[in-house]
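Q: Please find one structure pasted underneath; my questions will follow.
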2 protein chains.
Amino acid sequence: MVQIPKPPAPSRTAQRPVPTSADVARLAGVSRATVSYVLNNTAAVRISEPTRRRVHEAAKELGYVPHAAARSLRAGHRRMVLMPAPAVPAGPLYSAFIYELQWALHRLDYTVVQYGGVGLAGDEAARAWAELRPVAVLVPGTGLGPEGVALLRRSGARAVVTLGPDAVEGAHALLMDHESVGHCAGAHLYARGRRRIGVVVPEEGGLDVFSRPRLAGVRRALHGTAATVTELPLAYTEESAARLAARWGDLGLDAAFAYNDEYAMLLMRALQDEGVAVPADTAVIGADDLLLGRLLRPRLSTVRIELPSGRDLAELVDRAVRDPGGEPERHKVLGASVVQRDST
Amino acid sequence: MVQIPKPPAPSRTAQRPVPTSADVARLAGVSRATVSYVLNNTAAVRISEPTRRRVHEAAKELGYVPHAAARSLRAGHRRMVLMPAPAVPAGPLYSAFIYELQWALHRLDYTVVQYGGVGLAGDEAARAWAELRPVAVLVPGTGLGPEGVALLRRSGARAVVTLGPDAVEGAHALLMDHESVGHCAGAHLYARGRRRIGVVVPEEGGLDVFSRPRLAGVRRALHGTAATVTELPLAYTEESAARLAARWGDLGLDAAFAYNDEYAMLLMRALQDEGVAVPADTAVIGADDLLLGRLLRPRLSTVRIELPSGRDLAELVDRAVRDPGGEPERHKVLGASVVQRDST
DNA sequence: TTGAAAGCGATACCAG
DNA sequence: CTGGTATCGCTTTCAA
């Protein structure tokens with residue numbers, strides 16, 4: 001570090017220091033306290049109109065903006081809800097959910113901040129979040145352990161909510177169990193008389209979190225029956241789909257559950273190009289109920305996934321913040337239901 | 001405010017206060033300065049090994065986490081890059097871009113924070129961002145005026161970068177001109193001999209930012225020719241598409257540019273269901289080059305859009321932060337090129 | 001090697 | 001009605 005004490009070498013670019021409330025006070029000819037009162041409209045104190053104007057004008061002239069860190073340091077109160085950005089590029093469904101959630105929290109006067117905790121391992125991430133002293137933390141996916149939760153709570157977080165497959169000790173949980181999606185699909189295919197069922201598992205990294213449970217769900221649906229389950233790795237490219245379709249005959253499958261509608265569309269097209277009739281030879285079902293799935297022929301059957309409304313989650317957060325000592329709530333929030341169209 | 005001075009009413013929930021470095025110091029039997037030295041591995045000062053351990057143990061025992069606001073308040077230095085969340089739920093392309101950008105900035109040791117500036121108008125939003133004293137601000141879309149930029153810079157932001165259709169005084173700009181997308185499509189359709197061209201404009205709110213320029217681009221491409229341009233409002237539903245397709249004959253169009261591949265797929269399917277042959281009667285082209293567009297028959301032509309790499313933007317930010325006085329850079333970063341398949 | 005103390009910027013007491 | 005001033009939690013210089 002250079003040791004120039006106060007004057008930070010005012011280069012030609014006139015990098016003048018950021019104005020503080022003291023600067024405003026000086027320019028307006030009042031004390032810093034008065035500045036604070038005026039700019040925050042403090043009700044308990046009445047300031048004369050001329051003074052108010054002088055302060056406001058000085059503030060405007062200097063382009064004064066209060067320093068959030070300093071303010072919350074002093075006030076102690078924080079209305080910041082921290083939400084680590086997900087570790088995967090986020091699908092359309094999830095994006096929309098986040099967006100709605102932000103709105104709802106904004107209505108409740110919270111400030112939502114998405115924090116890019118990209119390259120941080122489990123508890124290290126929790127530490128980084130805790131440093132920001134958020135009033136609540138919403139954690140998507142797995143990766144936060146009970147210690148992490150405890151750490152956050154000790155650091156003043158009044159609510160920790162996980163959005164994922166299973167609950168974590170000490171935290172509220174929105175249980176989004178993708179296992180039920182697979183179960184739904186498996187049961188449906190079985191009911192339609194299919195017995196040799198393939199399950200597409202994306203090769204794309206980061207999707208395991210969802211695809212594993214979905215696969216397990218299919219297995220559970222078929223458990224105790226004579227039906228078989230075959231795992232089918234598939235990358236999201238035409239070539240990969242073509243390769244898979246080429247060996248479809250050898251696989252001897254009569255149905256496929258394809259992780260989601262995008263993979264399902266990809267697979268279905270590849271099968272058709274290979275001369276496999278859908279649904280006659282092979283039934284195909286996806287998930288997410290994308291509009292695009294209805295555009296192919298046959299129209300794609302799908303598992304519709306119901307995410308919780310952003311408003312509901314926002315209210316859970318608010319409730320938890322108001323009563324930090326309350327029992328952790330557990331909510332199953334992932335509704336899965338089959339929408340049968342023509343591909344099964 | 002209640003006036004209880006220090007003991008914050010320790011209710012049964014044992015809401016004990018968050019540990020501070022002073023608590024750690026007390027437990028370890030050293031001064032706060034020493035705690036700071038140890039926990040930050042300050043090189044300029046050598047602390048005895050036994051002391052280090054006592055401090056570390058005390059910190060662990062209390063679950064101490066430093067207070068980010070206090071720290072940066074004192075240290076003055078900030079490595080926070082602020083990125084307001086976009087006003088629209090964000091498409092797949094953009095999500096991926098953001099994600100990549102976060103990674104790249106993380107590599108450069110910046111912390112990326114997405115701030116939900118949902119319900120804030122232009123300069124009010126700028127104020128809110130400025131309060132956080134970010135070292136750089138990346139603003140997607142329009143909505144930030146020159147005053148906003150000035151405000152941010154006065155508040156210490158060393159770089160302001162806009163990602164949008166046009167540059168703003170005082171800020172660096174990544175010009176993402178969607179006009180060129182439309183131009184590309186229009187020129188292509190004209191070259192293929194089409195003369196009565198429809199342009200799908202999504203009815204969904206918030207997409208105007210992109211759809212308007214794209215429409216304008218088509219107009220420009222056809223300016224001075226005998227070709228006509230017809231605006232076609234379309235909602236992202238099958239019904240809306242069916243309605244549009246039903247009056248296709250009356251419209252007398254021989255081509256359509258459909259904003260993006262999703263709308264294009266929707267329209268193309270509706271047209272085919274209505275008995276309109278694609279591309280014989282009507283050519284259809286989309287944009288974004290989604291994989292799914294290749295699955296329909298005929299395969300969908302599209303305008304491929306090249307976003308800048310996250311790394312490039314991250315480097316621009318870093319450069320700007322290091323040299324805050326430098327001339328604002330302007331980069332055209334939206335490559336548009338036609339990918340012709342079978343629908344045109 | 002360690003400790004005392006001066007702030008960073010803003011707020012909220014209490015006295016004038 | 002307004003102005004000192006202590007304080008939030010932390011870093012860092014200066015002394016001991």
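Residue names in the structure tokens use chain letters A, B, ... in the order shown, residue numbers from 1 in each chain, and ligand numbers from 1 in the order shown.
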So which bits of range 67-310 of chain A end up strand (DSSP E) when you DSSP the backbone, as a compact mmCIF listing (two decimals) with N, CA, C and O atoms, in the first residue's frame?

A:
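Saved file selection-v4.txt follows:
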```txt
# COMPACT_ATOMS: atom_id res chain seq x y z
N MET A 80 -32.44 -6.88 4.05
CA MET A 80 -31.89 -7.53 2.87
C MET A 80 -32.12 -9.04 2.88
O MET A 80 -31.73 -9.73 3.82
N VAL A 81 -32.75 -9.50 1.83
CA VAL A 81 -32.93 -10.94 1.67
C VAL A 81 -31.91 -11.41 0.65
O VAL A 81 -31.88 -10.93 -0.48
N LEU A 82 -31.09 -12.32 1.07
CA LEU A 82 -30.01 -12.77 0.22
C LEU A 82 -30.40 -14.07 -0.48
O LEU A 82 -30.92 -15.00 0.15
N MET A 83 -30.13 -14.11 -1.74
CA MET A 83 -30.44 -15.31 -2.49
C MET A 83 -29.26 -15.67 -3.37
O MET A 83 -29.03 -15.01 -4.37
N PRO A 84 -28.50 -16.66 -2.99
CA PRO A 84 -27.36 -17.06 -3.81
C PRO A 84 -27.85 -17.41 -5.21
O PRO A 84 -28.87 -18.09 -5.35
N THR A 111 -35.44 -5.97 0.43
CA THR A 111 -34.57 -5.78 -0.72
C THR A 111 -33.93 -7.11 -1.06
O THR A 111 -33.26 -7.71 -0.24
N VAL A 112 -34.15 -7.55 -2.26
CA VAL A 112 -33.61 -8.84 -2.66
C VAL A 112 -32.27 -8.67 -3.35
O VAL A 112 -32.14 -7.86 -4.26
N VAL A 113 -31.32 -9.42 -2.90
CA VAL A 113 -30.01 -9.36 -3.51
C VAL A 113 -29.58 -10.77 -3.90
O VAL A 113 -29.59 -11.68 -3.09
N GLN A 114 -29.25 -10.92 -5.18
CA GLN A 114 -28.73 -12.20 -5.62
C GLN A 114 -27.22 -12.14 -5.60
O GLN A 114 -26.61 -11.29 -6.24
N TYR A 115 -26.65 -13.06 -4.90
CA TYR A 115 -25.23 -13.03 -4.67
C TYR A 115 -24.57 -14.14 -5.45
O TYR A 115 -24.94 -15.30 -5.31
N ALA A 136 -32.56 -12.46 5.95
CA ALA A 136 -33.03 -13.79 5.56
C ALA A 136 -32.21 -14.31 4.40
O ALA A 136 -31.68 -13.52 3.60
N VAL A 137 -32.08 -15.61 4.31
CA VAL A 137 -31.32 -16.22 3.23
C VAL A 137 -32.17 -17.30 2.58
O VAL A 137 -32.73 -18.16 3.26
N LEU A 138 -32.27 -17.25 1.26
CA LEU A 138 -32.99 -18.28 0.52
C LEU A 138 -31.99 -19.07 -0.29
O LEU A 138 -31.35 -18.52 -1.18
N VAL A 139 -31.86 -20.33 0.00
CA VAL A 139 -30.83 -21.13 -0.64
C VAL A 139 -31.42 -22.17 -1.56
O VAL A 139 -32.07 -23.11 -1.11
N PRO A 140 -31.19 -22.05 -2.84
CA PRO A 140 -31.66 -23.07 -3.77
C PRO A 140 -30.70 -24.25 -3.78
O PRO A 140 -29.51 -24.09 -3.55
N ALA A 159 -34.10 -15.75 9.28
CA ALA A 159 -34.77 -16.85 8.58
C ALA A 159 -33.84 -17.44 7.54
O ALA A 159 -33.20 -16.72 6.78
N VAL A 160 -33.75 -18.74 7.52
CA VAL A 160 -33.03 -19.43 6.47
C VAL A 160 -34.01 -20.40 5.83
O VAL A 160 -34.62 -21.21 6.52
N VAL A 161 -34.17 -20.28 4.52
CA VAL A 161 -35.12 -21.14 3.83
C VAL A 161 -34.37 -21.88 2.72
O VAL A 161 -33.70 -21.26 1.90
N THR A 162 -34.50 -23.19 2.71
CA THR A 162 -33.89 -23.95 1.63
C THR A 162 -34.95 -24.31 0.60
O THR A 162 -36.09 -24.60 0.95
N LEU A 163 -34.55 -24.27 -0.65
CA LEU A 163 -35.42 -24.70 -1.73
C LEU A 163 -34.76 -25.90 -2.36
O LEU A 163 -33.86 -25.75 -3.17
N GLY A 164 -35.18 -27.08 -1.98
CA GLY A 164 -34.50 -28.24 -2.53
C GLY A 164 -35.18 -29.53 -2.16
O GLY A 164 -36.28 -29.53 -1.62
N HIS A 172 -36.07 -23.46 7.54
CA HIS A 172 -37.35 -23.71 6.89
C HIS A 172 -37.06 -24.38 5.57
O HIS A 172 -36.00 -24.19 4.99
N ALA A 173 -38.04 -25.13 5.09
CA ALA A 173 -37.78 -25.84 3.85
C ALA A 173 -38.96 -25.77 2.90
O ALA A 173 -40.11 -25.99 3.30
N LEU A 174 -38.67 -25.42 1.68
CA LEU A 174 -39.64 -25.61 0.61
C LEU A 174 -39.18 -26.84 -0.13
O LEU A 174 -38.24 -26.79 -0.92
N LEU A 175 -39.84 -27.94 0.13
CA LEU A 175 -39.39 -29.21 -0.41
C LEU A 175 -39.82 -29.33 -1.86
O LEU A 175 -41.00 -29.46 -2.17
N ARG A 196 -40.99 -51.69 -20.62
CA ARG A 196 -39.54 -51.54 -20.75
C ARG A 196 -39.25 -50.05 -20.96
O ARG A 196 -39.30 -49.56 -22.09
N ILE A 197 -38.94 -49.42 -19.87
CA ILE A 197 -38.94 -47.97 -19.85
C ILE A 197 -37.53 -47.36 -19.77
O ILE A 197 -36.73 -47.72 -18.90
N GLY A 198 -37.25 -46.48 -20.71
CA GLY A 198 -35.97 -45.77 -20.69
C GLY A 198 -36.14 -44.41 -20.01
O GLY A 198 -37.19 -43.78 -20.13
N VAL A 199 -35.11 -44.01 -19.30
CA VAL A 199 -35.15 -42.70 -18.66
C VAL A 199 -33.95 -41.88 -19.12
O VAL A 199 -32.80 -42.26 -18.88
N VAL A 200 -34.22 -40.79 -19.79
CA VAL A 200 -33.15 -39.94 -20.30
C VAL A 200 -32.54 -39.14 -19.16
O VAL A 200 -33.25 -38.49 -18.40
N VAL A 201 -31.22 -39.25 -19.06
CA VAL A 201 -30.50 -38.47 -18.04
C VAL A 201 -29.53 -37.55 -18.77
O VAL A 201 -28.63 -38.00 -19.47
N PRO A 202 -29.73 -36.25 -18.64
CA PRO A 202 -28.88 -35.29 -19.35
C PRO A 202 -27.41 -35.47 -18.99
O PRO A 202 -27.08 -35.71 -17.83
N THR A 228 -38.96 -52.86 -16.47
CA THR A 228 -37.54 -52.54 -16.29
C THR A 228 -37.29 -51.07 -16.54
O THR A 228 -38.03 -50.41 -17.28
N VAL A 229 -36.23 -50.58 -15.93
CA VAL A 229 -35.83 -49.19 -16.11
C VAL A 229 -34.42 -49.13 -16.68
O VAL A 229 -33.51 -49.76 -16.14
N THR A 230 -34.25 -48.41 -17.77
CA THR A 230 -32.93 -48.27 -18.38
C THR A 230 -32.52 -46.81 -18.41
O THR A 230 -33.28 -45.96 -18.86
N GLU A 231 -31.32 -46.56 -17.94
CA GLU A 231 -30.81 -45.20 -17.90
C GLU A 231 -30.23 -44.82 -19.25
O GLU A 231 -29.41 -45.58 -19.79
N LEU A 232 -30.60 -43.67 -19.77
CA LEU A 232 -30.14 -43.28 -21.09
C LEU A 232 -29.45 -41.91 -21.05
O LEU A 232 -30.11 -40.88 -21.09
N PRO A 233 -28.14 -41.91 -21.00
CA PRO A 233 -27.42 -40.63 -21.04
C PRO A 233 -27.64 -39.95 -22.38
O PRO A 233 -27.62 -40.61 -23.42
N LEU A 234 -27.88 -38.65 -22.34
CA LEU A 234 -28.13 -37.93 -23.59
C LEU A 234 -27.65 -36.48 -23.44
O LEU A 234 -28.01 -35.80 -22.49
N ALA A 255 -40.91 -47.35 -24.12
CA ALA A 255 -41.30 -46.04 -23.58
C ALA A 255 -40.08 -45.29 -23.10
O ALA A 255 -39.06 -45.88 -22.77
N ALA A 256 -40.21 -43.96 -23.05
CA ALA A 256 -39.11 -43.15 -22.53
C ALA A 256 -39.66 -41.94 -21.78
O ALA A 256 -40.59 -41.27 -22.23
N PHE A 257 -39.06 -41.71 -20.63
CA PHE A 257 -39.32 -40.48 -19.88
C PHE A 257 -38.06 -39.65 -20.02
O PHE A 257 -36.97 -40.10 -19.67
N ALA A 283 -43.52 -44.95 -26.50
CA ALA A 283 -44.18 -43.77 -25.94
C ALA A 283 -43.11 -42.82 -25.43
O ALA A 283 -42.06 -43.25 -24.95
N VAL A 284 -43.36 -41.51 -25.52
CA VAL A 284 -42.40 -40.52 -25.01
C VAL A 284 -43.14 -39.51 -24.14
O VAL A 284 -44.19 -38.99 -24.53
N ILE A 285 -42.57 -39.26 -22.99
CA ILE A 285 -43.15 -38.23 -22.13
C ILE A 285 -42.04 -37.34 -21.58
O ILE A 285 -40.93 -37.80 -21.30
N GLY A 286 -42.34 -36.06 -21.47
CA GLY A 286 -41.36 -35.11 -20.95
C GLY A 286 -41.81 -34.54 -19.62
O GLY A 286 -42.56 -35.17 -18.88
N ALA A 287 -41.36 -33.34 -19.35
CA ALA A 287 -41.78 -32.67 -18.12
C ALA A 287 -41.60 -31.17 -18.29
O ALA A 287 -40.73 -30.73 -19.05
N SER A 301 -46.82 -35.61 -24.58
CA SER A 301 -47.32 -35.75 -23.21
C SER A 301 -46.26 -35.23 -22.26
O SER A 301 -45.06 -35.24 -22.57
N THR A 302 -46.67 -34.79 -21.10
CA THR A 302 -45.70 -34.17 -20.21
C THR A 302 -46.14 -34.25 -18.76
O THR A 302 -47.30 -34.53 -18.48
N VAL A 303 -45.20 -34.03 -17.88
CA VAL A 303 -45.54 -33.90 -16.47
C VAL A 303 -45.52 -32.42 -16.13
O VAL A 303 -44.50 -31.76 -16.25
N ARG A 304 -46.67 -31.92 -15.74
CA ARG A 304 -46.73 -30.50 -15.42
C ARG A 304 -46.22 -30.29 -14.00
O ARG A 304 -46.61 -31.00 -13.06
N ILE A 305 -45.34 -29.35 -13.85
CA ILE A 305 -44.76 -29.08 -12.53
C ILE A 305 -45.28 -27.76 -12.00
O ILE A 305 -45.23 -26.74 -12.67
N GLU A 306 -45.78 -27.82 -10.79
CA GLU A 306 -46.35 -26.62 -10.18
C GLU A 306 -45.37 -26.10 -9.15
O GLU A 306 -45.17 -26.72 -8.11
```

Q: Would you mind listing, as a list in words, all residues of chain C that have at least one atom within 8 Å of chain A, where only C-alpha atoms (C1' of nucleotides) are what counts?

A: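 Output check: DG9, DA10 and DT11 of chain C.
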
Q: Quick one: which residues from chain D are at most 7 Å off chain A, using only C-alpha atoms (C1' of nucleotides), as a ChimeraX atom specification?

A: /D:1,3,8

Q: Give me a file of those residues, with all heavy atoms, as a CSV table (one decimal), in the first residue's frame.

A:
```csv
chain,number,residue,atom,x,y,z
D,1,DC,P,-40.7,24.4,15.8
D,1,DC,OP1,-41.1,24.9,14.5
D,1,DC,OP2,-41.2,23.1,16.2
D,1,DC,O5',-39.1,24.3,15.9
D,1,DC,C5',-38.3,24.7,14.9
D,1,DC,C4',-36.9,24.8,15.4
D,1,DC,O4',-36.9,24.3,16.8
D,1,DC,C3',-35.9,24.0,14.6
D,1,DC,O3',-34.9,25.0,14.1
D,1,DC,C2',-35.2,23.1,15.7
D,1,DC,C1',-35.6,23.8,17.0
D,1,DC,N1,-35.6,22.9,18.2
D,1,DC,C2,-34.6,22.9,19.1
D,1,DC,O2,-33.6,23.6,18.9
D,1,DC,N3,-34.6,22.0,20.2
D,1,DC,C4,-35.7,21.3,20.4
D,1,DC,N4,-35.7,20.5,21.4
D,1,DC,C5,-36.8,21.3,19.5
D,1,DC,C6,-36.7,22.1,18.4
D,3,DG,P,-27.3,23.7,13.7
D,3,DG,OP1,-26.6,24.8,13.1
D,3,DG,OP2,-27.8,22.5,12.9
D,3,DG,O5',-26.5,23.1,14.9
D,3,DG,C5',-26.2,24.0,16.0
D,3,DG,C4',-25.5,23.3,17.1
D,3,DG,O4',-26.3,22.3,17.7
D,3,DG,C3',-24.3,22.5,16.5
D,3,DG,O3',-23.2,22.6,17.5
D,3,DG,C2',-24.8,21.0,16.5
D,3,DG,C1',-25.8,21.1,17.7
D,3,DG,N9,-26.9,20.1,17.6
D,3,DG,C8,-27.7,19.9,16.6
D,3,DG,N7,-28.6,19.0,16.8
D,3,DG,C5,-28.4,18.6,18.1
D,3,DG,C6,-29.1,17.6,18.8
D,3,DG,O6,-30.0,16.9,18.5
D,3,DG,N1,-28.5,17.5,20.1
D,3,DG,C2,-27.4,18.2,20.6
D,3,DG,N2,-27.0,17.9,21.8
D,3,DG,N3,-26.8,19.1,19.9
D,3,DG,C4,-27.3,19.2,18.6
D,8,DC,P,-21.6,0.2,20.4
D,8,DC,OP1,-22.3,-0.5,21.5
D,8,DC,OP2,-20.2,0.5,20.4
D,8,DC,O5',-22.0,-0.4,19.0
D,8,DC,C5',-23.3,-0.3,18.5
D,8,DC,C4',-23.3,-0.5,17.0
D,8,DC,O4',-23.0,0.8,16.4
D,8,DC,C3',-22.1,-1.4,16.5
D,8,DC,O3',-22.7,-2.7,16.3
D,8,DC,C2',-21.6,-0.8,15.3
D,8,DC,C1',-22.2,0.6,15.2
D,8,DC,N1,-21.2,1.7,15.1
D,8,DC,C2,-21.3,2.7,14.1
D,8,DC,O2,-22.2,2.5,13.3
D,8,DC,N3,-20.4,3.7,14.1
D,8,DC,C4,-19.5,3.7,15.1
D,8,DC,N4,-18.6,4.8,15.0
D,8,DC,C5,-19.4,2.8,16.1
D,8,DC,C6,-20.3,1.8,16.1
```

Q: Could you list, as a count of residues only, every residue of chain B that has an atom within 8 Å of an atom of chain A, counting only C-alpha atoms?

A: 51

Q: Rounded to one decimal, what separation in Å do you get between CA of Glu329 in chain A and CA of Gly217 in chain A?

A: 24.3 Å

Q: Name the residues of range 157-315 of chain A that fall into helix (DSSP H, G or I) according to DSSP on the backbone, using the chain letters and numbers of this document, as number ranges by chain.

A: A: 179-191, 208-222, 238-246, 248-251, 261-273, 291-294, 310-315

Q: Could you state the separation of CA of Leu108 in chain A and CA of Glu169 in chain A in Å, given to one decimal place?

A: 26.7 Å

Q: So how far away is CA of Val338 in chain B from CA of Glu239 in chain A, in Å?

A: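 Rounded to one decimal, the two atoms are 21.8 Å apart.
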
Q: In terms of the shortest atom-to-atom distance over only C-alpha atoms, which of A:Gly335, A:Pro165, A:Gly145, A:Pro298 is closest to Pro213 in chain A?

A: A:Pro165

Q: Smallest atom-to-atom distance to Ala226 in chain B: which of B:Asp177, B:Ala121, B:Ala314, B:Gly193, using only C-alpha atoms?

A: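 Result for the nearest residue to Ala226 in chain B: B:Gly193.
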